[in-house]
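Chemist: If it helps, the file is called input-v3.cif and holds mmCIF, C-alpha atoms:
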data_data
loop_
_atom_site.label_atom_id
_atom_site.label_comp_id
_atom_site.auth_asym_id
_atom_site.auth_seq_id
_atom_site.Cartn_x
_atom_site.Cartn_y
_atom_site.Cartn_z
CA MET A 1 24.05 80.78 112.50
CA SER A 2 25.23 77.51 114.09
CA ASP A 3 24.77 77.21 117.84
CA GLN A 4 28.09 75.31 118.07
CA VAL A 5 31.32 77.33 117.88
CA ASP A 6 34.99 76.88 118.61
CA ARG A 7 37.94 79.16 119.31
CA ALA A 8 38.49 79.87 115.61
CA ASP A 9 34.83 80.83 115.08
CA ILE A 10 34.97 83.25 118.00
CA ALA A 11 38.24 84.77 116.84
CA ALA A 12 36.79 85.23 113.34
CA GLY A 13 33.75 86.97 114.80
CA LEU A 14 35.93 89.32 116.84
CA ALA A 15 37.90 90.12 113.69
CA ARG A 16 34.64 90.97 111.89
CA LEU A 17 34.08 93.58 114.60
CA GLY A 18 37.42 95.14 113.63
CA LEU A 19 39.34 93.96 116.68
CA ASP A 20 43.04 93.13 116.38
CA ARG A 21 46.28 93.01 118.36
CA GLY A 22 46.13 96.78 118.79
CA SER A 23 42.75 96.58 120.53
CA SER A 24 42.15 97.01 124.25
CA VAL A 25 38.73 95.79 125.38
CA VAL A 26 36.63 95.54 128.50
CA VAL A 27 34.50 92.46 128.03
CA HIS A 28 31.05 91.62 129.42
CA ALA A 29 30.03 88.15 128.33
CA SER A 30 27.63 85.25 128.73
CA LEU A 31 29.07 81.84 127.89
CA SER A 32 25.63 80.31 127.30
CA SER A 33 24.79 82.98 124.70
CA PHE A 34 27.10 81.30 122.15
CA GLY A 35 25.31 77.98 122.27
CA HIS A 36 27.83 75.16 122.68
CA VAL A 37 31.47 76.33 122.80
CA ASP A 38 34.14 73.71 122.20
CA GLY A 39 36.51 74.22 125.10
CA GLY A 40 33.94 76.16 127.13
CA ALA A 41 35.02 79.38 128.84
CA ALA A 42 38.68 78.59 128.15
CA GLY A 43 37.93 78.63 124.42
CA VAL A 44 36.37 82.07 124.66
CA VAL A 45 39.29 83.46 126.68
CA ALA A 46 41.77 81.96 124.22
CA ALA A 47 39.99 83.60 121.29
CA LEU A 48 39.88 86.97 123.06
CA SER A 49 43.58 86.78 123.99
CA GLN A 50 44.55 85.63 120.49
CA THR A 51 42.66 88.49 118.81
CA CYS A 52 43.07 91.48 121.15
CA GLY A 53 46.18 93.05 122.64
CA THR A 54 44.61 93.68 126.06
CA VAL A 55 41.53 92.01 127.54
CA ALA A 56 39.92 93.18 130.80
CA MET A 57 36.85 92.00 132.68
CA MET A 58 35.19 92.62 136.01
CA ALA A 59 36.40 90.03 138.52
CA GLY A 60 35.02 91.09 141.89
CA ALA A 61 34.68 88.71 144.81
CA GLY A 62 32.07 90.62 146.77
CA ASP A 63 29.99 87.47 147.30
CA LEU A 64 32.76 86.33 149.64
CA THR A 65 34.25 89.56 151.01
CA GLY A 66 31.19 91.83 151.30
CA LEU A 67 29.74 93.07 154.59
CA PRO A 68 26.80 95.13 155.82
CA ALA A 69 27.49 98.61 157.18
CA PRO A 70 28.45 98.68 160.85
CA PRO A 71 25.64 99.54 163.29
CA GLY A 72 24.82 103.23 163.31
CA LEU A 73 27.00 104.17 160.31
CA VAL A 74 24.48 105.68 157.90
CA ARG A 75 25.74 107.68 154.93
CA PRO A 76 23.31 110.09 153.21
CA HIS A 77 21.58 108.61 150.15
CA ASN A 78 23.53 105.38 150.51
CA ALA A 79 20.69 102.81 150.20
CA TYR A 80 22.39 100.10 152.23
CA ARG A 81 21.68 97.86 155.16
CA ASN A 82 23.28 98.03 158.61
CA ALA A 83 24.17 95.07 160.77
CA ALA A 84 21.64 94.57 163.57
CA SER A 85 24.29 94.87 166.30
CA TRP A 86 28.04 94.93 166.78
CA ASP A 87 27.95 91.25 167.74
CA ASP A 88 26.16 90.50 164.46
CA PHE A 89 28.64 92.66 162.53
CA ASP A 90 31.64 90.97 164.17
CA ARG A 91 30.23 87.55 163.25
CA GLN A 92 29.87 88.60 159.62
CA VAL A 93 33.39 90.02 159.53
CA ALA A 94 34.73 86.73 160.89
CA ALA A 95 32.75 84.74 158.29
CA ALA A 96 33.78 86.89 155.29
CA ALA A 97 36.83 85.93 153.23
CA PRO A 98 39.84 88.25 153.42
CA HIS A 99 40.50 89.72 149.99
CA ARG A 100 43.23 88.00 148.01
CA PRO A 101 43.94 87.72 144.28
CA ASP A 102 43.00 84.04 143.96
CA LEU A 103 39.45 84.29 145.33
CA PRO A 104 36.72 82.99 143.00
CA VAL A 105 34.86 85.74 141.18
CA SER A 106 31.28 86.50 142.19
CA ARG A 107 28.91 84.02 140.53
CA TRP A 108 26.94 86.69 138.68
CA LEU A 109 30.07 87.63 136.72
CA GLY A 110 30.14 84.26 135.02
CA ARG A 111 32.54 81.52 133.98
CA ILE A 112 34.44 83.53 131.39
CA ALA A 113 35.58 86.05 134.01
CA GLU A 114 36.60 83.18 136.30
CA GLU A 115 38.60 81.64 133.47
CA LEU A 116 40.34 84.93 132.73
CA VAL A 117 41.43 85.19 136.38
CA ARG A 118 43.02 81.74 136.07
CA THR A 119 44.85 82.60 132.83
CA PRO A 120 48.66 82.67 133.13
CA GLY A 121 49.87 86.26 133.30
CA ALA A 122 46.51 87.66 134.44
CA VAL A 123 46.68 90.73 136.69
CA ARG A 124 43.87 91.28 139.19
CA GLY A 125 43.09 94.53 140.94
CA PRO A 126 43.02 95.31 144.68
CA HIS A 127 39.35 96.21 145.13
CA PRO A 128 37.83 93.69 147.60
CA LEU A 129 34.33 93.97 146.13
CA TYR A 130 34.65 94.91 142.46
CA SER A 131 38.15 94.26 141.16
CA PHE A 132 39.02 93.99 137.48
CA VAL A 133 41.31 91.45 135.84
CA ALA A 134 43.35 91.97 132.68
CA VAL A 135 45.73 90.07 130.43
CA GLY A 136 47.90 91.26 127.59
CA GLU A 137 50.06 94.20 126.62
CA HIS A 138 48.56 96.87 128.88
CA ALA A 139 47.31 94.62 131.68
CA GLU A 140 49.63 95.99 134.38
CA ASP A 141 48.91 99.57 133.34
CA VAL A 142 45.14 99.09 133.30
CA ILE A 143 44.96 97.36 136.68
CA ALA A 144 47.37 99.87 138.28
CA ALA A 145 44.67 102.51 137.70
CA GLU A 146 42.23 100.64 140.00
CA ARG A 147 42.24 101.91 143.58
CA LEU A 148 40.17 101.26 146.68
CA ASP A 149 38.72 104.78 146.34
CA ARG A 150 38.38 104.59 142.55
CA GLN A 151 36.52 101.43 141.64
CA LEU A 152 36.37 102.28 137.92
CA GLY A 153 39.97 103.39 137.43
CA ALA A 154 40.60 100.50 135.04
CA ILE A 155 37.84 101.78 132.74
CA GLU A 156 39.32 105.27 132.85
CA ARG A 157 42.69 103.90 131.76
CA LEU A 158 41.13 101.82 128.98
CA ALA A 159 39.40 104.97 127.74
CA GLU A 160 42.79 106.70 127.59
CA LEU A 161 44.00 103.78 125.47
CA ASP A 162 41.05 104.33 123.09
CA GLY A 163 39.64 101.01 124.19
CA ASP A 164 36.31 99.39 123.43
CA VAL A 165 33.40 97.87 125.28
CA LEU A 166 32.76 94.35 124.01
CA LEU A 167 29.33 92.90 124.75
CA LEU A 168 29.09 89.17 124.09
CA GLY A 169 25.52 87.97 124.53
CA VAL A 170 24.65 90.60 127.13
CA ASP A 171 23.11 94.06 126.95
CA HIS A 172 24.05 97.45 128.40
CA SER A 173 22.73 96.53 131.84
CA SER A 174 26.11 94.75 132.10
CA ASP A 175 28.07 97.71 130.70
CA THR A 176 30.28 98.99 133.52
CA THR A 177 31.49 101.93 131.43
CA MET A 178 28.07 103.53 131.84
CA HIS A 179 28.65 103.61 135.60
CA LEU A 180 31.74 105.73 134.99
CA ALA A 181 29.69 108.18 132.94
CA GLU A 182 27.07 108.25 135.69
CA GLN A 183 29.66 108.95 138.38
CA ARG A 184 31.26 111.72 136.36
CA PHE A 185 27.82 113.27 136.18
CA GLY A 186 27.44 113.12 139.98
CA ARG A 187 25.28 110.02 140.45
CA GLY A 188 26.00 106.54 141.73
CA HIS A 189 28.65 107.16 144.39
CA PHE A 190 27.93 104.69 147.20
CA PHE A 191 29.80 103.53 150.30
CA ARG A 192 30.16 99.78 150.76
CA TYR A 193 32.02 97.51 153.16
CA ALA A 194 34.30 94.49 152.89
CA ARG A 195 36.94 92.46 154.65
CA ASP A 196 40.36 93.39 153.33
CA ALA A 197 43.52 91.34 153.01
CA SER A 198 44.51 92.01 156.63
CA GLY A 199 41.20 90.58 157.87
CA LEU A 200 39.87 93.96 159.02
CA TRP A 201 36.70 95.59 157.73
CA ILE A 202 37.06 98.67 155.53
CA GLU A 203 34.74 101.28 154.04
CA LEU A 204 34.96 101.66 150.28
CA PRO A 205 33.75 104.93 148.67
CA GLY A 206 32.79 105.48 145.06
CA VAL A 207 31.00 102.17 144.52
CA SER A 208 28.59 102.32 141.58
CA GLY A 209 24.83 101.78 141.71
CA GLU A 210 22.09 99.94 139.82
CA SER A 211 22.15 99.21 136.10
CA HIS A 212 18.92 97.31 135.41
CA ARG A 213 17.58 100.12 133.18
CA PHE A 214 20.83 100.92 131.40
CA ASP A 215 19.81 99.10 128.21
CA GLU A 216 17.26 101.85 127.55
CA ILE A 217 20.19 103.78 126.05
CA GLU A 218 20.68 101.18 123.30
CA PRO A 219 18.95 103.19 120.52
CA LEU A 220 21.26 106.14 121.20
CA LEU A 221 24.37 103.93 121.13
CA ARG A 222 23.32 101.95 118.05
CA PRO A 223 24.92 104.31 115.48
CA ALA A 224 28.27 103.97 117.28
CA THR A 225 28.03 100.17 117.53
CA ARG A 226 29.52 97.44 115.34
CA GLU A 227 27.69 94.12 115.53
CA THR A 228 27.99 90.53 114.35
CA ARG A 229 26.79 87.06 115.28
CA ILE A 230 29.08 84.40 116.71
CA GLY A 231 27.05 81.21 116.85
CA SER A 232 23.89 82.33 118.63
CA CYS A 233 25.72 85.17 120.44
CA ARG A 234 24.95 88.79 119.60
CA ALA A 235 28.42 90.38 119.70
CA ARG A 236 28.80 94.18 119.84
CA ARG A 237 31.74 96.58 119.96
CA ILE A 238 31.43 100.24 121.04
CA ARG A 239 34.29 102.64 121.79
CA ILE A 240 34.50 103.45 125.49
CA ALA A 241 34.75 107.14 124.55
CA ASP A 242 31.44 106.92 122.68
CA VAL A 243 29.67 105.20 125.58
CA LEU A 244 30.91 107.90 127.97
CA GLU A 245 30.02 110.81 125.68
CA ILE A 246 26.54 109.57 124.74
CA THR A 247 25.64 108.55 128.29
CA GLU A 248 26.81 111.85 129.78
CA ARG A 249 24.89 113.77 127.10
CA LEU A 250 21.72 111.85 127.98
CA LEU A 251 22.17 112.51 131.71
CA ARG A 252 22.69 116.22 131.13
CA SER A 253 19.37 116.34 129.29
CA ASP A 254 17.59 114.19 131.89
CA PRO A 255 19.31 113.66 135.28
CA GLY A 256 16.86 110.85 136.09
CA ALA A 257 17.49 108.91 132.88
CA LEU A 258 18.16 105.17 133.16
CA LEU A 259 16.86 105.04 136.74
CA CYS A 260 13.74 103.42 138.17
CA SER A 261 11.40 104.97 140.75
CA ASP A 262 11.26 102.07 143.22
CA PRO A 263 11.74 103.73 146.64
CA VAL A 264 13.81 100.83 147.98
CA CYS A 265 16.14 100.73 144.96
CA ARG A 266 19.53 102.42 144.76
CA CYS A 267 18.24 104.27 141.69
CA VAL A 268 16.34 106.72 143.88
CA ALA A 269 19.36 107.25 146.14
CA ALA A 270 21.56 107.87 143.09
CA LEU A 271 19.29 110.68 141.90
CA GLU A 272 19.24 112.19 145.38
CA GLN A 273 23.04 112.21 145.34
CA TRP A 274 22.96 114.30 142.16
CA ARG A 275 20.43 116.69 143.63
CA ALA A 276 22.51 117.14 146.79
CA ARG A 277 25.88 117.57 145.10
#
Can you present the structure in this file as structure tokens?

Modeler:
Amino acid sequence: MSDQVDRADIAAGLARLGLDRGSSVVVHASLSSFGHVDGGAAGVVAALSQTCGTVAMMAGAGDLTGLPAPPGLVRPHNAYRNAASWDDFDRQVAAAAPHRPDLPVSRWLGRIAEELVRTPGAVRGPHPLYSFVAVGEHAEDVIAAERLDRQLGAIERLAELDGDVLLLGVDHSSDTTMHLAEQRFGRGHFFRYARDASGLWIELPGVSGESHRFDEIEPLLRPATRETRIGSCRARRIRIADVLEITERLLRSDPGALLCSDPVCRCVAALEQWRAR
């Protein structure tokens, strides 16, 4: 396949996956995976919006809004750092950005997510650390399901819409839907901290954990996956319902599946949460 693609090439690849105007997708994507894209991230977003009825992505700004835990506030199995003192904590609160819809997305989420946030008509959620953004027919409905105490509400609503996970040049370690399956099972419920829109610090429950071993599930998901190439990008579509069902089935058979054993990693704390539930 050519390593140079344009909007039409990307739209054609999405159509090969069976996506159309009736499709609702949560997208995880790497711009560089395509090779050279005429129009860059804007070309990818245009192709997604042209092909699918509703497009959602993670669009958190935790790089700017995130905080350590206040001194002395230690939640069981939370695997998180505390500020050294109240003076240190107050300095970090003052330095953090108050949450607002126009903040840049965290760098690790990539340029396509940033472009989607800037798209006319985009709706961005209220979560200061891990908001979602959506455009299209069901955008308002999907984002309305996101709450401060329910980080993954947008995924739940997309599942109700019989939506799909769309992986563009990334693997399942980027697949947020698997965090929802993990949380339903009783793992990966963490407390984290951020500066909210009022400028005050808040505690946010239900934040998901690590995902660096999530791609180990790929052989189990392969039969439910449609795949094509778009330039040099490996593009995959899997129903959200299938990701949830197969992940939850794996966790029921092995509660420690998809976790590492590093004692300083959130993986260990996530398993302890399940054991203590």

Chemist: Pick the closest to Arg124 of chain A from A:Met58, A:Val25, A:Ile238, A:Ala11: which is it, counting all atoms listed in the file?

Modeler: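 Answer, going by the shortest atom-to-atom distance: A:Met58.
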
Chemist: Please determine, counting all atoms listed in the file, which residue among A:Gly43, A:Gly199, A:Gly53, A:Pro126 has the shortest atom-to-atom distance to Leu158 of chain A.

Modeler: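 The answer is A:Gly53, which sits nearest to Leu158 of chain A.
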
Chemist: Could you check the closest approach to Cys260 of chain A for each of A:Glu115, A:Val44, A:Met57, A:Phe214 and tell me which residue wins, using only C-alpha atoms?

Modeler: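 For Cys260 of chain A, the nearest of the candidates is A:Phe214.
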
Chemist: Could you check the closest approach to Gly60 of chain A for each of A:Ala194, A:His138, A:Gln4, A:Met178 and tell me which residue wins, using only C-alpha atoms?

Modeler: A:Ala194

Chemist: So how many Å separate atom CA of Leu17 of chain A and atom CA of Gln151 of chain A, to one decimal?

Modeler: 28.3 Å

Chemist: List every protein, DNA or RNA residue that has at least one atom no more than 10 Å from (31.9, 75.2, 120.9) in the file's coordinates, counting only C-alpha atoms, and write the result as number ranges by chain.

Modeler: A: 2-10, 34-41, 43-44, 231

Chemist: Which protein, DNA or RNA residues are at most 10 Å from (39.6, 93.9, 147.4) in the file's coordinates when you count all atoms listed in the file, listed as a PyMOL selection string?

Modeler: chain A and resi 60-62+65-66+98-101+103+124-132+147-148+151+194-197+202+204

Chemist: Apply the PyMOL selection byres ((chain A and resi 160) around 12) to the displayed file and report the matching residues as a short mmCIF file (atom, residue, chain, number, x, y, z; two decimals) with C-alpha atoms, in the frame of the given file.

Modeler:
data_model
loop_
_atom_site.label_atom_id
_atom_site.label_comp_id
_atom_site.auth_asym_id
_atom_site.auth_seq_id
_atom_site.Cartn_x
_atom_site.Cartn_y
_atom_site.Cartn_z
CA SER A 24 42.15 97.01 124.25
CA VAL A 25 38.73 95.79 125.38
CA HIS A 138 48.56 96.87 128.88
CA ASP A 141 48.91 99.57 133.34
CA VAL A 142 45.14 99.09 133.30
CA ALA A 145 44.67 102.51 137.70
CA GLY A 153 39.97 103.39 137.43
CA ALA A 154 40.60 100.50 135.04
CA ILE A 155 37.84 101.78 132.74
CA GLU A 156 39.32 105.27 132.85
CA ARG A 157 42.69 103.90 131.76
CA LEU A 158 41.13 101.82 128.98
CA ALA A 159 39.40 104.97 127.74
CA LEU A 161 44.00 103.78 125.47
CA ASP A 162 41.05 104.33 123.09
CA GLY A 163 39.64 101.01 124.19
CA ASP A 164 36.31 99.39 123.43
CA ARG A 239 34.29 102.64 121.79
CA ILE A 240 34.50 103.45 125.49
CA ALA A 241 34.75 107.14 124.55
CA LEU A 244 30.91 107.90 127.97
#

Chemist: Grab the atom CA of Ala15 of chain A to atom CA of Ala224 of chain A distance for me, in Å with one decimal place.

Modeler: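 Straight-line distance from atom CA of Ala15 of chain A to atom CA of Ala224 of chain A works out to 17.2 Å.
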
Chemist: Smallest atom-to-atom distance to Thr225 of chain A: which of A:Val105, A:Ser174, A:Gly18, A:Ala257, using all atoms listed in the file?

Modeler: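 Nearest candidate to Thr225 of chain A out of A:Val105, A:Ser174, A:Gly18, A:Ala257: A:Gly18.
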
Chemist: Measuring atom to atom with only C-alpha atoms, identify which of A:Gly169, A:Gly13, A:Gly110, A:Pro70 is nearest to Trp201 of chain A.

Modeler: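 When distances to Trp201 of chain A are compared using only C-alpha atoms, the smallest one comes from A:Pro70.
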
Chemist: In Å, rounded to a single decimal, give me how far atom CA of His172 of chain A is from atom CA of Ala276 of chain A.

Modeler: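 A separation of 27.0 Å between them.
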
Chemist: Hey, what comes out of the PyMOL selection byres ((chain A and resi 246) around 12) on this file? Could you write it as a short mmCIF file (atom, residue, chain, number, x, y, z; two decimals) with C-alpha atoms, keeping the file's coordinate frame?

Modeler:
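Output file part11.cif is given in full below:
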data_model
loop_
_atom_site.label_atom_id
_atom_site.label_comp_id
_atom_site.auth_asym_id
_atom_site.auth_seq_id
_atom_site.Cartn_x
_atom_site.Cartn_y
_atom_site.Cartn_z
CA THR A 177 31.49 101.93 131.43
CA MET A 178 28.07 103.53 131.84
CA ALA A 181 29.69 108.18 132.94
CA GLU A 182 27.07 108.25 135.69
CA ILE A 217 20.19 103.78 126.05
CA GLU A 218 20.68 101.18 123.30
CA PRO A 219 18.95 103.19 120.52
CA LEU A 220 21.26 106.14 121.20
CA LEU A 221 24.37 103.93 121.13
CA ARG A 222 23.32 101.95 118.05
CA PRO A 223 24.92 104.31 115.48
CA ALA A 224 28.27 103.97 117.28
CA THR A 225 28.03 100.17 117.53
CA ILE A 238 31.43 100.24 121.04
CA ARG A 239 34.29 102.64 121.79
CA ILE A 240 34.50 103.45 125.49
CA ALA A 241 34.75 107.14 124.55
CA ASP A 242 31.44 106.92 122.68
CA VAL A 243 29.67 105.20 125.58
CA LEU A 244 30.91 107.90 127.97
CA GLU A 245 30.02 110.81 125.68
CA THR A 247 25.64 108.55 128.29
CA GLU A 248 26.81 111.85 129.78
CA ARG A 249 24.89 113.77 127.10
CA LEU A 250 21.72 111.85 127.98
CA LEU A 251 22.17 112.51 131.71
CA ARG A 252 22.69 116.22 131.13
CA SER A 253 19.37 116.34 129.29
#

Chemist: For the provided coordinates, the residues matched by the PyMOL selection byres ((chain A and resi 183) around 10) should be stated as a list of chain:residue names.

Modeler: A:Leu152, A:Met178, A:His179, A:Leu180, A:Ala181, A:Glu182, A:Arg184, A:Phe185, A:Gly186, A:Arg187, A:Gly188, A:His189, A:Phe190, A:Gly206, A:Val207, A:Ser208, A:Gly209, A:Glu248, A:Ala270, A:Trp274

Chemist: Show me that you can extract segment 61-159 of chain A, keeping C-alpha atoms, and write it as a PDB file, in the first residue's frame.

Modeler:
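Saved the output as result.pdb:
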ATOM      1  CA  ALA A  61      -6.555  17.731  29.373  1.00  0.00           C
ATOM      2  CA  GLY A  62      -5.026  16.098  32.425  1.00  0.00           C
ATOM      3  CA  ASP A  63      -1.537  17.282  31.463  1.00  0.00           C
ATOM      4  CA  LEU A  64      -2.746  20.773  32.354  1.00  0.00           C
ATOM      5  CA  THR A  65      -5.417  20.217  35.014  1.00  0.00           C
ATOM      6  CA  GLY A  66      -4.053  17.222  36.957  1.00  0.00           C
ATOM      7  CA  LEU A  67      -2.863  17.365  40.565  1.00  0.00           C
ATOM      8  CA  PRO A  68      -1.292  15.060  43.149  1.00  0.00           C
ATOM      9  CA  ALA A  69      -3.439  13.898  46.054  1.00  0.00           C
ATOM     10  CA  PRO A  70      -3.540  16.317  48.981  1.00  0.00           C
ATOM     11  CA  PRO A  71      -1.198  15.507  51.887  1.00  0.00           C
ATOM     12  CA  GLY A  72      -2.488  12.677  54.036  1.00  0.00           C
ATOM     13  CA  LEU A  73      -5.368  11.676  51.735  1.00  0.00           C
ATOM     14  CA  VAL A  74      -4.581   8.039  50.952  1.00  0.00           C
ATOM     15  CA  ARG A  75      -7.272   5.864  49.392  1.00  0.00           C
ATOM     16  CA  PRO A  76      -6.898   2.067  49.651  1.00  0.00           C
ATOM     17  CA  HIS A  77      -5.294   0.457  46.579  1.00  0.00           C
ATOM     18  CA  ASN A  78      -5.107   3.814  44.833  1.00  0.00           C
ATOM     19  CA  ALA A  79      -1.467   3.772  43.605  1.00  0.00           C
ATOM     20  CA  TYR A  80      -1.022   7.526  43.553  1.00  0.00           C
ATOM     21  CA  ARG A  81       1.341  10.142  44.864  1.00  0.00           C
ATOM     22  CA  ASN A  82       0.618  12.727  47.557  1.00  0.00           C
ATOM     23  CA  ALA A  83       1.883  16.281  47.603  1.00  0.00           C
ATOM     24  CA  ALA A  84       4.790  16.703  50.023  1.00  0.00           C
ATOM     25  CA  SER A  85       2.989  19.397  52.037  1.00  0.00           C
ATOM     26  CA  TRP A  86      -0.032  21.665  51.894  1.00  0.00           C
ATOM     27  CA  ASP A  87       2.193  24.507  50.709  1.00  0.00           C
ATOM     28  CA  ASP A  88       3.412  22.280  47.861  1.00  0.00           C
ATOM     29  CA  PHE A  89      -0.157  21.216  47.059  1.00  0.00           C
ATOM     30  CA  ASP A  90      -1.410  24.823  47.044  1.00  0.00           C
ATOM     31  CA  ARG A  91       1.387  25.787  44.637  1.00  0.00           C
ATOM     32  CA  GLN A  92       0.408  22.996  42.270  1.00  0.00           C
ATOM     33  CA  VAL A  93      -3.268  23.946  42.428  1.00  0.00           C
ATOM     34  CA  ALA A  94      -2.344  27.537  41.558  1.00  0.00           C
ATOM     35  CA  ALA A  95      -0.175  26.368  38.633  1.00  0.00           C
ATOM     36  CA  ALA A  96      -2.763  23.956  37.166  1.00  0.00           C
ATOM     37  CA  ALA A  97      -5.173  25.157  34.487  1.00  0.00           C
ATOM     38  CA  PRO A  98      -8.845  25.403  35.440  1.00  0.00           C
ATOM     39  CA  HIS A  99     -10.850  22.998  33.314  1.00  0.00           C
ATOM     40  CA  ARG A 100     -12.579  24.560  30.324  1.00  0.00           C
ATOM     41  CA  PRO A 101     -13.757  23.157  26.987  1.00  0.00           C
ATOM     42  CA  ASP A 102     -11.089  24.863  24.867  1.00  0.00           C
ATOM     43  CA  LEU A 103      -8.021  23.481  26.672  1.00  0.00           C
ATOM     44  CA  PRO A 104      -5.551  21.601  24.455  1.00  0.00           C
ATOM     45  CA  VAL A 105      -5.846  17.841  24.735  1.00  0.00           C
ATOM     46  CA  SER A 106      -3.095  15.918  26.520  1.00  0.00           C
ATOM     47  CA  ARG A 107      -0.156  15.361  24.159  1.00  0.00           C
ATOM     48  CA  TRP A 108      -0.322  11.576  24.388  1.00  0.00           C
ATOM     49  CA  LEU A 109      -3.793  11.639  22.806  1.00  0.00           C
ATOM     50  CA  GLY A 110      -2.387  12.970  19.559  1.00  0.00           C
ATOM     51  CA  ARG A 111      -3.115  15.505  16.846  1.00  0.00           C
ATOM     52  CA  ILE A 112      -6.268  13.877  15.512  1.00  0.00           C
ATOM     53  CA  ALA A 113      -8.018  14.248  18.871  1.00  0.00           C
ATOM     54  CA  GLU A 114      -6.879  17.877  19.048  1.00  0.00           C
ATOM     55  CA  GLU A 115      -8.271  18.482  15.567  1.00  0.00           C
ATOM     56  CA  LEU A 116     -11.603  16.903  16.485  1.00  0.00           C
ATOM     57  CA  VAL A 117     -11.910  19.262  19.472  1.00  0.00           C
ATOM     58  CA  ARG A 118     -11.448  22.207  17.099  1.00  0.00           C
ATOM     59  CA  THR A 119     -14.057  20.933  14.614  1.00  0.00           C
ATOM     60  CA  PRO A 120     -17.170  23.135  14.322  1.00  0.00           C
ATOM     61  CA  GLY A 121     -20.039  21.553  16.225  1.00  0.00           C
ATOM     62  CA  ALA A 122     -17.793  19.415  18.441  1.00  0.00           C
ATOM     63  CA  VAL A 123     -19.120  18.692  21.940  1.00  0.00           C
ATOM     64  CA  ARG A 124     -16.600  18.122  24.727  1.00  0.00           C
ATOM     65  CA  GLY A 125     -17.339  16.507  28.064  1.00  0.00           C
ATOM     66  CA  PRO A 126     -16.952  17.942  31.582  1.00  0.00           C
ATOM     67  CA  HIS A 127     -14.325  15.587  33.000  1.00  0.00           C
ATOM     68  CA  PRO A 128     -11.242  17.696  33.898  1.00  0.00           C
ATOM     69  CA  LEU A 129      -8.799  14.824  33.370  1.00  0.00           C
ATOM     70  CA  TYR A 130     -10.287  12.449  30.803  1.00  0.00           C
ATOM     71  CA  SER A 131     -13.083  14.094  28.852  1.00  0.00           C
ATOM     72  CA  PHE A 132     -14.387  12.807  25.531  1.00  0.00           C
ATOM     73  CA  VAL A 133     -15.254  14.841  22.447  1.00  0.00           C
ATOM     74  CA  ALA A 134     -17.829  13.952  19.807  1.00  0.00           C
ATOM     75  CA  VAL A 135     -19.230  15.300  16.552  1.00  0.00           C
ATOM     76  CA  GLY A 136     -22.216  14.215  14.531  1.00  0.00           C
ATOM     77  CA  GLU A 137     -25.749  12.976  14.997  1.00  0.00           C
ATOM     78  CA  HIS A 138     -25.480  11.610  18.540  1.00  0.00           C
ATOM     79  CA  ALA A 139     -22.700  13.872  19.823  1.00  0.00           C
ATOM     80  CA  GLU A 140     -24.799  15.673  22.438  1.00  0.00           C
ATOM     81  CA  ASP A 141     -26.322  12.410  23.642  1.00  0.00           C
ATOM     82  CA  VAL A 142     -22.971  10.635  23.919  1.00  0.00           C
ATOM     83  CA  ILE A 143     -21.231  13.445  25.791  1.00  0.00           C
ATOM     84  CA  ALA A 144     -24.227  13.977  28.112  1.00  0.00           C
ATOM     85  CA  ALA A 145     -23.525  10.480  29.475  1.00  0.00           C
ATOM     86  CA  GLU A 146     -20.073  11.574  30.731  1.00  0.00           C
ATOM     87  CA  ARG A 147     -20.044  12.646  34.382  1.00  0.00           C
ATOM     88  CA  LEU A 148     -17.374  13.568  36.903  1.00  0.00           C
ATOM     89  CA  ASP A 149     -18.121  10.315  38.753  1.00  0.00           C
ATOM     90  CA  ARG A 150     -18.494   8.249  35.569  1.00  0.00           C
ATOM     91  CA  GLN A 151     -15.462   8.799  33.382  1.00  0.00           C
ATOM     92  CA  LEU A 152     -16.532   6.209  30.794  1.00  0.00           C
ATOM     93  CA  GLY A 153     -20.180   7.191  30.452  1.00  0.00           C
ATOM     94  CA  ALA A 154     -19.637   8.153  26.807  1.00  0.00           C
ATOM     95  CA  ILE A 155     -18.501   4.596  26.023  1.00  0.00           C
ATOM     96  CA  GLU A 156     -21.560   3.196  27.787  1.00  0.00           C
ATOM     97  CA  ARG A 157     -23.822   5.354  25.633  1.00  0.00           C
ATOM     98  CA  LEU A 158     -21.984   4.389  22.445  1.00  0.00           C
ATOM     99  CA  ALA A 159     -22.483   0.739  23.400  1.00  0.00           C
TER     100      ALA A 159
END
